[in-house]
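> Sharing a structure, written as C-alpha cells. Questions coming.
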Amino acid sequence: MSSSRIIPPGSTIGILGGGQLGRMTAQAAARLGYRSIVYAPDEPSIAAEVSAGFVRAGYDDEAALAAFARQVDVITYEFENVPEAAVLECQKLTPVRPGTLPIHLAQHRLREKDFLRQLGIGTADYLPIRSEADIAAAAAVPGALPGILKTCTEGYDGKGQARVADGAALAAAWADLGRRECVLEALVPFRCEVSAIVARGLDGETRCFPIGRNEHRDGILRTTVVPADLPPDVLATAERYGVLLAEGLDLVGLVALEMFVTADGRVLANEFAPRPHNSGHWSIDACATSQFEQLVRAVCGLPLGSVEALAPSRMENLIGDEALDWPRYLAEPAARLHLYGKGAPRPGRKMGHVTYVLRP
Ligand code: AMP
C-alpha cells in the first residue's frame, strides 16, 4: 500500500446521498476521527444531522458538486442511483470510491446481470423485454414463465416488478410498468436468500463478512441472521461470488451481492449494491468491524478490519409503525436499538433496526 494514497484520520469524507446508510457511515467515520460532509438534494437529511457539513443541492448542479468536492479528501456514495454524471463531475477534483462502473451497472438490471454472468457468477435465467415481439418470443421459451418482470431502472424494495404466470399476464404487466425496458427473470423456487458483503481496499485486498441469511416480505428485507446455517459449500460459493464481483468491478469500497439458494444447493445471484447494505447492519453490534467502518477504511486506504462475527445475531428492520415499539426494545437486554431519526413513520419506510446479539 503506498502511503501517499492514505487519507488519514482528521481528513474529511464526502458522502453523496443523505439517508440512513450515509448517517451510519458518518457515525463510523466520526468514531475513527474523520469529518463527513453530506451532499443531498433533500432537506432534512438524517445523514447531515450527524455530519460536520451539508451541501443541499441537486445532482445536476455542477458548481455545487465542484464546491463539495473541493471541501473533502475522498468521496463515497450511499446509494447506487446517484447519476453517473455527478460522480464524474466530482472525480475531476477528488477521488470517488467506488467509482462510476459499479453504479453504471447497478442502475440497470440487464447490464448488471450480463456483467455477473460474464464473471462466471450464476443467475436465474433472464430475457430482455423491450417490445411486444420480445413478449411473444419470451412466452415461447421453455422455462421463461412463470417469472418476475422487473423494470431495468428505478426499481427497489420490490417496486417496479410483477410476478407473471403466462404470456397474457406478461403482456399486461409490461403495459402496467409503462412499456419500459424490462427484464423477465425465471421465478426461482429458493430455499432461502443470502447476501455477501465484500470490502476491497486500495491495495486490492478483499474481505467478505460472514454470509447473512435474509428474509424479505413484500420485496423488503425484514431480517438477517448470522451465521446463515447453510452447508459449507453453499457459503463458500456465496463468498466466492462476492469476491469475484468486488474484483471484477475493480472496486475500492463495499459491495453487497444478494443471492438465492435453491433446495439443491445452487447459488444464484439476484442483484448487487456497491455500498453498505441493510443486510450488513448486524455488523455494527456483532462483528469486530462494522460494514460502515470497513467502508471508511477501504475508501481512505487504511488496512481493512477483521470480519470475525463476535456472536450470533439477528437483525430485524423496524418498518413504519414498528419503530413506535422502541420502549419494548430498550427493555430487552439482548436488543441493540438503532433509530434513524426520520420523523413520522410511513408504511413501508425503514425507520430503524434492532439487532439481537445472541449467546454463542
Ligand atoms: P429485487 O427487487 O430484485 O431485490 O427483488 C426483491 C425480492 O423479490 C427478492 O429479495 C426476492 O425475495 C424476490 N424475488 C426477486 N426476484 C426473484 C426471482 N427471480 N425468483 C424468486 N423471487 C424473486
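Following the order of the C-alpha cells, chains are lettered A, B, ..., residues in each are numbered from 1, and ligands are numbered from 1.
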Residues within 7 Å of ligand 1 should be enumerated using only C-alpha atoms and all ligand atoms and returned as a ChimeraX atom specification.

/A:124,147-148,155-159,185-190,193,216,219-220,270-271

> Using N, CA, C and O atoms, can you write the selected residues to a file as a PDB file, in the first residue's frame?


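Result file is selection_8.pdb:
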```pdb
ATOM      1  N   ALA A 124     -30.416 -16.456 -12.156  1.00  0.00           N
ATOM      2  CA  ALA A 124     -31.594 -17.073 -12.760  1.00  0.00           C
ATOM      3  C   ALA A 124     -31.559 -16.765 -14.260  1.00  0.00           C
ATOM      4  O   ALA A 124     -30.964 -15.761 -14.672  1.00  0.00           O
ATOM      5  N   GLY A 147     -42.489 -16.178 -14.178  1.00  0.00           N
ATOM      6  CA  GLY A 147     -41.312 -15.353 -13.967  1.00  0.00           C
ATOM      7  C   GLY A 147     -41.639 -14.062 -13.240  1.00  0.00           C
ATOM      8  O   GLY A 147     -42.778 -13.855 -12.798  1.00  0.00           O
ATOM      9  N   ILE A 148     -40.615 -13.245 -13.093  1.00  0.00           N
ATOM     10  CA  ILE A 148     -40.812 -11.916 -12.494  1.00  0.00           C
ATOM     11  C   ILE A 148     -40.336 -10.894 -13.512  1.00  0.00           C
ATOM     12  O   ILE A 148     -39.198 -10.986 -14.008  1.00  0.00           O
ATOM     13  N   GLY A 155     -36.029   0.446  -9.945  1.00  0.00           N
ATOM     14  CA  GLY A 155     -36.775  -0.490  -9.098  1.00  0.00           C
ATOM     15  C   GLY A 155     -36.005  -0.725  -7.808  1.00  0.00           C
ATOM     16  O   GLY A 155     -34.797  -0.880  -7.844  1.00  0.00           O
ATOM     17  N   TYR A 156     -36.656  -0.720  -6.690  1.00  0.00           N
ATOM     18  CA  TYR A 156     -36.002  -1.087  -5.427  1.00  0.00           C
ATOM     19  C   TYR A 156     -37.078  -1.531  -4.448  1.00  0.00           C
ATOM     20  O   TYR A 156     -38.257  -1.200  -4.613  1.00  0.00           O
ATOM     21  N   ASP A 157     -36.636  -2.302  -3.424  1.00  0.00           N
ATOM     22  CA  ASP A 157     -37.552  -2.802  -2.399  1.00  0.00           C
ATOM     23  C   ASP A 157     -38.841  -3.366  -3.015  1.00  0.00           C
ATOM     24  O   ASP A 157     -39.946  -3.090  -2.550  1.00  0.00           O
ATOM     25  N   GLY A 158     -38.710  -4.145  -4.076  1.00  0.00           N
ATOM     26  CA  GLY A 158     -39.872  -4.816  -4.666  1.00  0.00           C
ATOM     27  C   GLY A 158     -40.723  -3.921  -5.556  1.00  0.00           C
ATOM     28  O   GLY A 158     -41.741  -4.367  -6.099  1.00  0.00           O
ATOM     29  N   LYS A 159     -40.319  -2.648  -5.739  1.00  0.00           N
ATOM     30  CA  LYS A 159     -41.104  -1.761  -6.615  1.00  0.00           C
ATOM     31  C   LYS A 159     -40.664  -1.966  -8.061  1.00  0.00           C
ATOM     32  O   LYS A 159     -39.551  -2.375  -8.327  1.00  0.00           O
ATOM     33  N   GLU A 185     -37.261 -12.412 -15.437  1.00  0.00           N
ATOM     34  CA  GLU A 185     -36.427 -13.411 -14.779  1.00  0.00           C
ATOM     35  C   GLU A 185     -37.263 -14.636 -14.462  1.00  0.00           C
ATOM     36  O   GLU A 185     -38.410 -14.503 -14.020  1.00  0.00           O
ATOM     37  N   ALA A 186     -36.661 -15.799 -14.630  1.00  0.00           N
ATOM     38  CA  ALA A 186     -37.355 -17.027 -14.206  1.00  0.00           C
ATOM     39  C   ALA A 186     -37.566 -16.962 -12.700  1.00  0.00           C
ATOM     40  O   ALA A 186     -36.701 -16.471 -11.963  1.00  0.00           O
ATOM     41  N   LEU A 187     -38.725 -17.426 -12.251  1.00  0.00           N
ATOM     42  CA  LEU A 187     -39.027 -17.454 -10.822  1.00  0.00           C
ATOM     43  C   LEU A 187     -38.163 -18.544 -10.172  1.00  0.00           C
ATOM     44  O   LEU A 187     -38.200 -19.688 -10.598  1.00  0.00           O
ATOM     45  N   VAL A 188     -37.390 -18.160  -9.183  1.00  0.00           N
ATOM     46  CA  VAL A 188     -36.510 -19.130  -8.517  1.00  0.00           C
ATOM     47  C   VAL A 188     -37.237 -19.701  -7.296  1.00  0.00           C
ATOM     48  O   VAL A 188     -37.618 -18.946  -6.405  1.00  0.00           O
ATOM     49  N   PRO A 189     -37.434 -21.023  -7.254  1.00  0.00           N
ATOM     50  CA  PRO A 189     -38.069 -21.619  -6.060  1.00  0.00           C
ATOM     51  C   PRO A 189     -37.001 -21.757  -4.973  1.00  0.00           C
ATOM     52  O   PRO A 189     -36.499 -22.834  -4.719  1.00  0.00           O
ATOM     53  N   PHE A 190     -36.671 -20.617  -4.345  1.00  0.00           N
ATOM     54  CA  PHE A 190     -35.492 -20.656  -3.471  1.00  0.00           C
ATOM     55  C   PHE A 190     -35.816 -21.202  -2.083  1.00  0.00           C
ATOM     56  O   PHE A 190     -36.937 -21.098  -1.595  1.00  0.00           O
ATOM     57  N   GLU A 193     -32.671 -16.807   1.010  1.00  0.00           N
ATOM     58  CA  GLU A 193     -31.880 -15.754   0.375  1.00  0.00           C
ATOM     59  C   GLU A 193     -30.697 -15.425   1.271  1.00  0.00           C
ATOM     60  O   GLU A 193     -30.809 -15.478   2.506  1.00  0.00           O
ATOM     61  N   HIS A 216     -37.227 -11.663   3.214  1.00  0.00           N
ATOM     62  CA  HIS A 216     -37.924 -10.479   2.681  1.00  0.00           C
ATOM     63  C   HIS A 216     -39.428 -10.687   2.801  1.00  0.00           C
ATOM     64  O   HIS A 216     -39.906 -11.813   2.720  1.00  0.00           O
ATOM     65  N   GLY A 219     -41.063  -7.808  -0.834  1.00  0.00           N
ATOM     66  CA  GLY A 219     -39.904  -7.230  -1.513  1.00  0.00           C
ATOM     67  C   GLY A 219     -38.998  -6.420  -0.612  1.00  0.00           C
ATOM     68  O   GLY A 219     -37.988  -5.887  -1.073  1.00  0.00           O
ATOM     69  N   ILE A 220     -39.324  -6.309   0.687  1.00  0.00           N
ATOM     70  CA  ILE A 220     -38.495  -5.504   1.602  1.00  0.00           C
ATOM     71  C   ILE A 220     -37.795  -6.434   2.595  1.00  0.00           C
ATOM     72  O   ILE A 220     -38.422  -7.356   3.129  1.00  0.00           O
ATOM     73  N   ASN A 270     -28.871 -12.376  -7.475  1.00  0.00           N
ATOM     74  CA  ASN A 270     -30.026 -11.582  -7.890  1.00  0.00           C
ATOM     75  C   ASN A 270     -29.564 -10.176  -8.295  1.00  0.00           C
ATOM     76  O   ASN A 270     -29.702  -9.772  -9.442  1.00  0.00           O
ATOM     77  N   GLU A 271     -28.993  -9.438  -7.351  1.00  0.00           N
ATOM     78  CA  GLU A 271     -28.549  -8.083  -7.685  1.00  0.00           C
ATOM     79  C   GLU A 271     -27.469  -7.654  -6.710  1.00  0.00           C
ATOM     80  O   GLU A 271     -27.263  -8.290  -5.677  1.00  0.00           O
TER      81      GLU A 271
END
```

> Quick one: residues within 6 Å of region 47-59 of chain A, only C-alpha atoms counted, chain neighbours fewer than 4 positions away excluded, as a PDB file with all heavy atoms, in the first residue's frame?


```
ATOM      1  N   GLY A  18     -28.173  11.239   1.361  1.00  0.00           N
ATOM      2  CA  GLY A  18     -28.423  11.736   2.715  1.00  0.00           C
ATOM      3  C   GLY A  18     -29.253  10.845   3.611  1.00  0.00           C
ATOM      4  O   GLY A  18     -29.792  11.318   4.611  1.00  0.00           O
ATOM      5  N   GLY A  19     -29.355   9.540   3.318  1.00  0.00           N
ATOM      6  CA  GLY A  19     -30.229   8.651   4.087  1.00  0.00           C
ATOM      7  C   GLY A  19     -29.518   7.929   5.221  1.00  0.00           C
ATOM      8  O   GLY A  19     -28.428   8.321   5.644  1.00  0.00           O
ATOM      9  N   GLY A  22     -25.893   6.728   4.771  1.00  0.00           N
ATOM     10  CA  GLY A  22     -24.952   7.839   4.921  1.00  0.00           C
ATOM     11  C   GLY A  22     -24.791   8.215   6.384  1.00  0.00           C
ATOM     12  O   GLY A  22     -23.687   8.526   6.852  1.00  0.00           O
ATOM     13  N   ARG A  23     -25.891   8.182   7.101  1.00  0.00           N
ATOM     14  CA  ARG A  23     -25.863   8.516   8.537  1.00  0.00           C
ATOM     15  C   ARG A  23     -24.933   7.556   9.298  1.00  0.00           C
ATOM     16  O   ARG A  23     -24.066   7.978  10.060  1.00  0.00           O
ATOM     17  CB  ARG A  23     -27.293   8.427   9.080  1.00  0.00           C
ATOM     18  CG  ARG A  23     -27.459   8.671  10.554  1.00  0.00           C
ATOM     19  CD  ARG A  23     -28.944   8.518  10.882  1.00  0.00           C
ATOM     20  NE  ARG A  23     -29.271   8.604  12.285  1.00  0.00           N
ATOM     21  CZ  ARG A  23     -29.719   9.712  12.899  1.00  0.00           C
ATOM     22  NH1 ARG A  23     -29.846  10.826  12.229  1.00  0.00           N
ATOM     23  NH2 ARG A  23     -30.018   9.693  14.177  1.00  0.00           N
ATOM     24  N   ARG A  35     -14.112  13.719   9.629  1.00  0.00           N
ATOM     25  CA  ARG A  35     -15.300  14.566   9.482  1.00  0.00           C
ATOM     26  C   ARG A  35     -16.022  14.116   8.216  1.00  0.00           C
ATOM     27  O   ARG A  35     -15.386  13.656   7.267  1.00  0.00           O
ATOM     28  CB  ARG A  35     -14.905  16.042   9.297  1.00  0.00           C
ATOM     29  CG  ARG A  35     -14.097  16.625  10.438  1.00  0.00           C
ATOM     30  CD  ARG A  35     -13.485  17.962  10.043  1.00  0.00           C
ATOM     31  NE  ARG A  35     -14.490  19.008   9.895  1.00  0.00           N
ATOM     32  CZ  ARG A  35     -14.783  19.623   8.754  1.00  0.00           C
ATOM     33  NH1 ARG A  35     -14.155  19.306   7.639  1.00  0.00           N
ATOM     34  NH2 ARG A  35     -15.694  20.553   8.712  1.00  0.00           N
ATOM     35  N   SER A  36     -17.332  14.287   8.183  1.00  0.00           N
ATOM     36  CA  SER A  36     -18.076  13.965   6.962  1.00  0.00           C
ATOM     37  C   SER A  36     -18.852  15.181   6.497  1.00  0.00           C
ATOM     38  O   SER A  36     -19.346  15.961   7.322  1.00  0.00           O
ATOM     39  CB  SER A  36     -19.071  12.822   7.216  1.00  0.00           C
ATOM     40  OG  SER A  36     -18.397  11.646   7.587  1.00  0.00           O
ATOM     41  N   ILE A  37     -18.938  15.326   5.190  1.00  0.00           N
ATOM     42  CA  ILE A  37     -19.816  16.338   4.602  1.00  0.00           C
ATOM     43  C   ILE A  37     -20.765  15.605   3.651  1.00  0.00           C
ATOM     44  O   ILE A  37     -20.324  14.813   2.803  1.00  0.00           O
ATOM     45  CB  ILE A  37     -19.018  17.424   3.855  1.00  0.00           C
ATOM     46  CG1 ILE A  37     -18.098  18.159   4.852  1.00  0.00           C
ATOM     47  CG2 ILE A  37     -19.964  18.403   3.154  1.00  0.00           C
ATOM     48  CD1 ILE A  37     -17.287  19.289   4.254  1.00  0.00           C
ATOM     49  N   VAL A  38     -22.040  15.844   3.856  1.00  0.00           N
ATOM     50  CA  VAL A  38     -23.070  15.139   3.075  1.00  0.00           C
ATOM     51  C   VAL A  38     -23.538  16.028   1.931  1.00  0.00           C
ATOM     52  O   VAL A  38     -23.722  17.240   2.120  1.00  0.00           O
ATOM     53  CB  VAL A  38     -24.251  14.768   4.003  1.00  0.00           C
ATOM     54  CG1 VAL A  38     -25.465  14.296   3.218  1.00  0.00           C
ATOM     55  CG2 VAL A  38     -23.811  13.700   5.007  1.00  0.00           C
ATOM     56  N   TYR A  39     -23.739  15.417   0.784  1.00  0.00           N
ATOM     57  CA  TYR A  39     -24.312  16.112  -0.381  1.00  0.00           C
ATOM     58  C   TYR A  39     -25.617  15.419  -0.727  1.00  0.00           C
ATOM     59  O   TYR A  39     -25.650  14.215  -0.999  1.00  0.00           O
ATOM     60  CB  TYR A  39     -23.354  16.016  -1.566  1.00  0.00           C
ATOM     61  CG  TYR A  39     -23.753  16.849  -2.774  1.00  0.00           C
ATOM     62  CD1 TYR A  39     -23.055  17.995  -3.108  1.00  0.00           C
ATOM     63  CD2 TYR A  39     -24.822  16.474  -3.597  1.00  0.00           C
ATOM     64  CE1 TYR A  39     -23.400  18.769  -4.214  1.00  0.00           C
ATOM     65  CE2 TYR A  39     -25.186  17.237  -4.695  1.00  0.00           C
ATOM     66  CZ  TYR A  39     -24.460  18.380  -4.994  1.00  0.00           C
ATOM     67  OH  TYR A  39     -24.813  19.149  -6.083  1.00  0.00           O
ATOM     68  N   ALA A  40     -26.721  16.143  -0.659  1.00  0.00           N
ATOM     69  CA  ALA A  40     -28.019  15.527  -0.977  1.00  0.00           C
ATOM     70  C   ALA A  40     -28.988  16.614  -1.420  1.00  0.00           C
ATOM     71  O   ALA A  40     -28.870  17.766  -1.009  1.00  0.00           O
ATOM     72  CB  ALA A  40     -28.576  14.787   0.238  1.00  0.00           C
ATOM     73  N   PRO A  41     -29.935  16.245  -2.257  1.00  0.00           N
ATOM     74  CA  PRO A  41     -30.879  17.253  -2.773  1.00  0.00           C
ATOM     75  C   PRO A  41     -31.981  17.638  -1.783  1.00  0.00           C
ATOM     76  O   PRO A  41     -32.594  18.687  -1.943  1.00  0.00           O
ATOM     77  CB  PRO A  41     -31.508  16.587  -3.996  1.00  0.00           C
ATOM     78  CG  PRO A  41     -30.910  15.242  -4.127  1.00  0.00           C
ATOM     79  CD  PRO A  41     -30.082  14.951  -2.929  1.00  0.00           C
ATOM     80  N   ALA A  86     -22.838  13.034 -12.044  1.00  0.00           N
ATOM     81  CA  ALA A  86     -22.478  13.724 -10.794  1.00  0.00           C
ATOM     82  C   ALA A  86     -21.160  13.173 -10.257  1.00  0.00           C
ATOM     83  O   ALA A  86     -20.297  13.920  -9.783  1.00  0.00           O
ATOM     84  CB  ALA A  86     -23.594  13.556  -9.764  1.00  0.00           C
TER      85      ALA A  86
END
```

> Restricting the calculation to only C-alpha atoms, which member of A:Leu149, A:Ala288, A:Val141, A:Val354 is positioned closest to Pro333 (chain A)?

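Checking each of A:Leu149, A:Ala288, A:Val141, A:Val354 against Pro333 (chain A), counting only C-alpha atoms, the winner is A:Val354.
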
> What lies within 7 Å of region 289-294 of chain A using only C-alpha atoms, ignoring chain neighbours under 4 positions off, as a PDB file with all heavy atoms, in the first residue's frame?


```pdb
ATOM      1  N   MET A  24     -25.123   6.242   9.045  1.00  0.00           N
ATOM      2  CA  MET A  24     -24.303   5.273   9.785  1.00  0.00           C
ATOM      3  C   MET A  24     -22.850   5.292   9.300  1.00  0.00           C
ATOM      4  O   MET A  24     -21.931   5.004  10.073  1.00  0.00           O
ATOM      5  CB  MET A  24     -24.949   3.885   9.697  1.00  0.00           C
ATOM      6  CG  MET A  24     -26.252   3.838  10.520  1.00  0.00           C
ATOM      7  SD  MET A  24     -27.057   2.225  10.578  1.00  0.00           S
ATOM      8  CE  MET A  24     -28.105   2.300   9.131  1.00  0.00           C
ATOM      9  N   THR A  25     -22.633   5.674   8.031  1.00  0.00           N
ATOM     10  CA  THR A  25     -21.253   5.841   7.552  1.00  0.00           C
ATOM     11  C   THR A  25     -20.598   7.019   8.261  1.00  0.00           C
ATOM     12  O   THR A  25     -19.444   6.943   8.713  1.00  0.00           O
ATOM     13  CB  THR A  25     -21.240   6.061   6.016  1.00  0.00           C
ATOM     14  OG1 THR A  25     -21.846   4.932   5.381  1.00  0.00           O
ATOM     15  CG2 THR A  25     -19.824   6.244   5.489  1.00  0.00           C
ATOM     16  N   ALA A  28     -19.660   6.076  11.778  1.00  0.00           N
ATOM     17  CA  ALA A  28     -18.448   5.248  11.830  1.00  0.00           C
ATOM     18  C   ALA A  28     -17.214   6.092  11.525  1.00  0.00           C
ATOM     19  O   ALA A  28     -16.149   5.913  12.128  1.00  0.00           O
ATOM     20  CB  ALA A  28     -18.564   4.095  10.829  1.00  0.00           C
ATOM     21  N   ALA A  29     -17.358   7.020  10.586  1.00  0.00           N
ATOM     22  CA  ALA A  29     -16.231   7.890  10.228  1.00  0.00           C
ATOM     23  C   ALA A  29     -15.827   8.745  11.437  1.00  0.00           C
ATOM     24  O   ALA A  29     -14.643   8.893  11.751  1.00  0.00           O
ATOM     25  CB  ALA A  29     -16.616   8.776   9.045  1.00  0.00           C
ATOM     26  N   ALA A 199     -15.625  -6.145   1.205  1.00  0.00           N
ATOM     27  CA  ALA A 199     -14.852  -4.902   1.127  1.00  0.00           C
ATOM     28  C   ALA A 199     -13.603  -5.178   0.310  1.00  0.00           C
ATOM     29  O   ALA A 199     -13.036  -6.276   0.379  1.00  0.00           O
ATOM     30  CB  ALA A 199     -14.463  -4.445   2.521  1.00  0.00           C
ATOM     31  N   PRO A 276     -22.800   0.192   1.565  1.00  0.00           N
ATOM     32  CA  PRO A 276     -23.264  -0.600   2.706  1.00  0.00           C
ATOM     33  C   PRO A 276     -24.684  -1.090   2.420  1.00  0.00           C
ATOM     34  O   PRO A 276     -25.420  -0.472   1.650  1.00  0.00           O
ATOM     35  CB  PRO A 276     -23.259   0.403   3.867  1.00  0.00           C
ATOM     36  CG  PRO A 276     -22.376   1.518   3.435  1.00  0.00           C
ATOM     37  CD  PRO A 276     -22.471   1.580   1.941  1.00  0.00           C
ATOM     38  N   GLY A 280     -26.258  -5.925   6.198  1.00  0.00           N
ATOM     39  CA  GLY A 280     -24.994  -5.890   6.938  1.00  0.00           C
ATOM     40  C   GLY A 280     -25.088  -5.093   8.226  1.00  0.00           C
ATOM     41  O   GLY A 280     -24.078  -4.910   8.923  1.00  0.00           O
ATOM     42  N   SER A 283     -23.574  -6.097  11.633  1.00  0.00           N
ATOM     43  CA  SER A 283     -22.131  -5.986  11.893  1.00  0.00           C
ATOM     44  C   SER A 283     -21.801  -4.839  12.845  1.00  0.00           C
ATOM     45  O   SER A 283     -20.744  -4.836  13.478  1.00  0.00           O
ATOM     46  CB  SER A 283     -21.366  -5.823  10.568  1.00  0.00           C
ATOM     47  OG  SER A 283     -21.757  -4.626   9.912  1.00  0.00           O
ATOM     48  N   ILE A 284     -22.709  -3.867  12.991  1.00  0.00           N
ATOM     49  CA  ILE A 284     -22.424  -2.761  13.920  1.00  0.00           C
ATOM     50  C   ILE A 284     -22.291  -3.314  15.345  1.00  0.00           C
ATOM     51  O   ILE A 284     -21.402  -2.898  16.095  1.00  0.00           O
ATOM     52  CB  ILE A 284     -23.563  -1.707  13.889  1.00  0.00           C
ATOM     53  CG1 ILE A 284     -23.738  -1.132  12.492  1.00  0.00           C
ATOM     54  CG2 ILE A 284     -23.289  -0.603  14.906  1.00  0.00           C
ATOM     55  CD1 ILE A 284     -24.969  -0.206  12.385  1.00  0.00           C
ATOM     56  N   ALA A 298     -11.729   1.267   3.736  1.00  0.00           N
ATOM     57  CA  ALA A 298     -11.407   0.966   2.333  1.00  0.00           C
ATOM     58  C   ALA A 298     -11.191   2.254   1.543  1.00  0.00           C
ATOM     59  O   ALA A 298     -10.178   2.401   0.847  1.00  0.00           O
ATOM     60  CB  ALA A 298     -12.518   0.127   1.706  1.00  0.00           C
ATOM     61  N   LEU A 304      -7.925  -3.038   6.017  1.00  0.00           N
ATOM     62  CA  LEU A 304      -9.291  -3.498   6.318  1.00  0.00           C
ATOM     63  C   LEU A 304      -9.320  -4.146   7.695  1.00  0.00           C
ATOM     64  O   LEU A 304      -8.315  -4.690   8.163  1.00  0.00           O
ATOM     65  CB  LEU A 304      -9.752  -4.499   5.251  1.00  0.00           C
ATOM     66  CG  LEU A 304      -9.820  -3.942   3.829  1.00  0.00           C
ATOM     67  CD1 LEU A 304     -10.298  -5.036   2.857  1.00  0.00           C
ATOM     68  CD2 LEU A 304     -10.752  -2.734   3.757  1.00  0.00           C
ATOM     69  N   GLY A 305     -10.482  -4.078   8.345  1.00  0.00           N
ATOM     70  CA  GLY A 305     -10.619  -4.638   9.687  1.00  0.00           C
ATOM     71  C   GLY A 305     -11.053  -6.093   9.656  1.00  0.00           C
ATOM     72  O   GLY A 305     -11.496  -6.613   8.626  1.00  0.00           O
ATOM     73  N   SER A 306     -10.947  -6.726  10.819  1.00  0.00           N
ATOM     74  CA  SER A 306     -11.379  -8.120  10.956  1.00  0.00           C
ATOM     75  C   SER A 306     -12.887  -8.231  10.712  1.00  0.00           C
ATOM     76  O   SER A 306     -13.659  -7.389  11.179  1.00  0.00           O
ATOM     77  CB  SER A 306     -11.055  -8.614  12.372  1.00  0.00           C
ATOM     78  OG  SER A 306     -11.821  -9.760  12.671  1.00  0.00           O
ATOM     79  N   VAL A 307     -13.283  -9.285  10.009  1.00  0.00           N
ATOM     80  CA  VAL A 307     -14.716  -9.503   9.765  1.00  0.00           C
ATOM     81  C   VAL A 307     -15.239 -10.657  10.622  1.00  0.00           C
ATOM     82  O   VAL A 307     -16.258 -11.268  10.304  1.00  0.00           O
ATOM     83  CB  VAL A 307     -15.013  -9.754   8.267  1.00  0.00           C
ATOM     84  CG1 VAL A 307     -14.876  -8.480   7.466  1.00  0.00           C
ATOM     85  CG2 VAL A 307     -14.102 -10.839   7.697  1.00  0.00           C
TER      86      VAL A 307
END
```

> With only C-alpha atoms as the atoms that count, which of A:Val82, A:Val296, A:Ala334, A:His108 lies nearest to Pro9 (chain A)?

A:Val296

> Which residues come within 7 Å of Tyr340 (chain A), counting only C-alpha atoms, excluding same-chain residues fewer than 2 positions away, as a ChimeraX atom specification?

/A:20,46,338,342,351-352

> With N, CA and C atoms retained, export the selected residues as a PDB file, in the first residue's frame.


```pdb
ATOM      1  N   GLN A  20     -30.163   6.831   5.681  1.00  0.00           N
ATOM      2  CA  GLN A  20     -29.626   6.155   6.873  1.00  0.00           C
ATOM      3  C   GLN A  20     -28.276   5.509   6.630  1.00  0.00           C
ATOM      4  N   ILE A  46     -31.045  12.950   7.266  1.00  0.00           N
ATOM      5  CA  ILE A  46     -30.685  12.287   8.527  1.00  0.00           C
ATOM      6  C   ILE A  46     -29.194  11.955   8.556  1.00  0.00           C
ATOM      7  N   HIS A 338     -31.493   0.787  16.962  1.00  0.00           N
ATOM      8  CA  HIS A 338     -30.993   1.872  16.099  1.00  0.00           C
ATOM      9  C   HIS A 338     -32.196   2.562  15.472  1.00  0.00           C
ATOM     10  N   LYS A 342     -36.046   9.593  11.430  1.00  0.00           N
ATOM     11  CA  LYS A 342     -36.762  10.019  10.212  1.00  0.00           C
ATOM     12  C   LYS A 342     -38.060  10.772  10.478  1.00  0.00           C
ATOM     13  N   MET A 351     -37.490   2.743   9.291  1.00  0.00           N
ATOM     14  CA  MET A 351     -37.344   3.755  10.348  1.00  0.00           C
ATOM     15  C   MET A 351     -36.172   3.465  11.279  1.00  0.00           C
ATOM     16  N   GLY A 352     -35.766   2.213  11.318  1.00  0.00           N
ATOM     17  CA  GLY A 352     -34.680   1.820  12.208  1.00  0.00           C
ATOM     18  C   GLY A 352     -34.487   0.319  12.119  1.00  0.00           C
TER      19      GLY A 352
END
```

> Could you give me the residues within region 23-154 of chain A that DSSP places in helix (DSSP H, G or I), as an MDAnalysis selection string?

chainID A and resid 23:31 48:50 62:71 84:91 100:106 109:118 132:139

> For Gly301 (chain A), which residue out of A:Ala172, A:Leu202, A:Ala137, A:Ile75 is the nearest one, using only C-alpha atoms?

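So, comparing all the options, the nearest one is A:Leu202.
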
> Which residue gives the smallest distance to Pro210 (chain A) among A:Val255, A:Ala335, A:Ala168, A:Val194, with only C-alpha atoms counted?

A:Val194

> Taking 3 positions as the minimum chain separation for residues in the same chain, which residues sit within 8 Å of region 115-119 of chain A when counting only C-alpha atoms? Answer as an MDAnalysis selection string.

chainID A and resid 105 111:112 122:123 244:245 248 269

> Take the residues from that selection and put them in a file with N, CA and C atoms, as an mmCIF file, in the first residue's frame.


```cif
data_model
loop_
_atom_site.group_PDB
_atom_site.id
_atom_site.type_symbol
_atom_site.label_atom_id
_atom_site.label_comp_id
_atom_site.auth_asym_id
_atom_site.auth_seq_id
_atom_site.Cartn_x
_atom_site.Cartn_y
_atom_site.Cartn_z
ATOM 1 N N LEU A 105 -23.473 -0.122 -13.689
ATOM 2 C CA LEU A 105 -24.050 -1.462 -13.794
ATOM 3 C C LEU A 105 -25.264 -1.623 -12.881
ATOM 4 N N ARG A 111 -27.750 -4.731 -17.657
ATOM 5 C CA ARG A 111 -26.287 -4.574 -17.641
ATOM 6 C C ARG A 111 -25.711 -5.336 -16.459
ATOM 7 N N GLU A 112 -26.392 -5.215 -15.307
ATOM 8 C CA GLU A 112 -25.933 -5.844 -14.067
ATOM 9 C C GLU A 112 -25.867 -7.366 -14.226
ATOM 10 N N GLY A 122 -23.401 -17.284 -11.190
ATOM 11 C CA GLY A 122 -24.689 -17.833 -11.628
ATOM 12 C C GLY A 122 -25.829 -16.874 -11.339
ATOM 13 N N THR A 123 -26.794 -16.806 -12.236
ATOM 14 C CA THR A 123 -28.021 -16.023 -12.022
ATOM 15 C C THR A 123 -29.192 -16.876 -12.498
ATOM 16 N N LEU A 244 -15.469 -12.420 -6.339
ATOM 17 C CA LEU A 244 -15.330 -12.285 -7.806
ATOM 18 C C LEU A 244 -15.905 -10.951 -8.270
ATOM 19 N N LEU A 245 -17.036 -10.596 -7.687
ATOM 20 C CA LEU A 245 -17.698 -9.348 -8.083
ATOM 21 C C LEU A 245 -16.849 -8.133 -7.683
ATOM 22 N N GLY A 248 -14.004 -8.063 -9.977
ATOM 23 C CA GLY A 248 -14.431 -7.756 -11.348
ATOM 24 C C GLY A 248 -14.762 -6.278 -11.524
ATOM 25 N N ALA A 269 -27.142 -15.411 -8.162
ATOM 26 C CA ALA A 269 -27.104 -14.002 -7.776
ATOM 27 C C ALA A 269 -28.353 -13.289 -8.273
#
```

> Which residues, written as a PyMOL selection string, have at least one atom at most 6 Å from Leu254 (chain A), with only C-alpha atoms counted and residues fewer than 6 positions away on the same chain left out?

chain A and resi 198-199+274-275+295

> I'd like the contact shell of Val243 (chain A) - 8 Å cut-off, only C-alpha atoms, skipping same-chain residues fewer than 2 positions apart - returned as a list in words.

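Residues near the query, excluding close chain neighbours: Val198, Thr206, Arg207, Cys208, Glu239, Arg240, Tyr241, Leu245, Ala246 and Glu247 of chain A.
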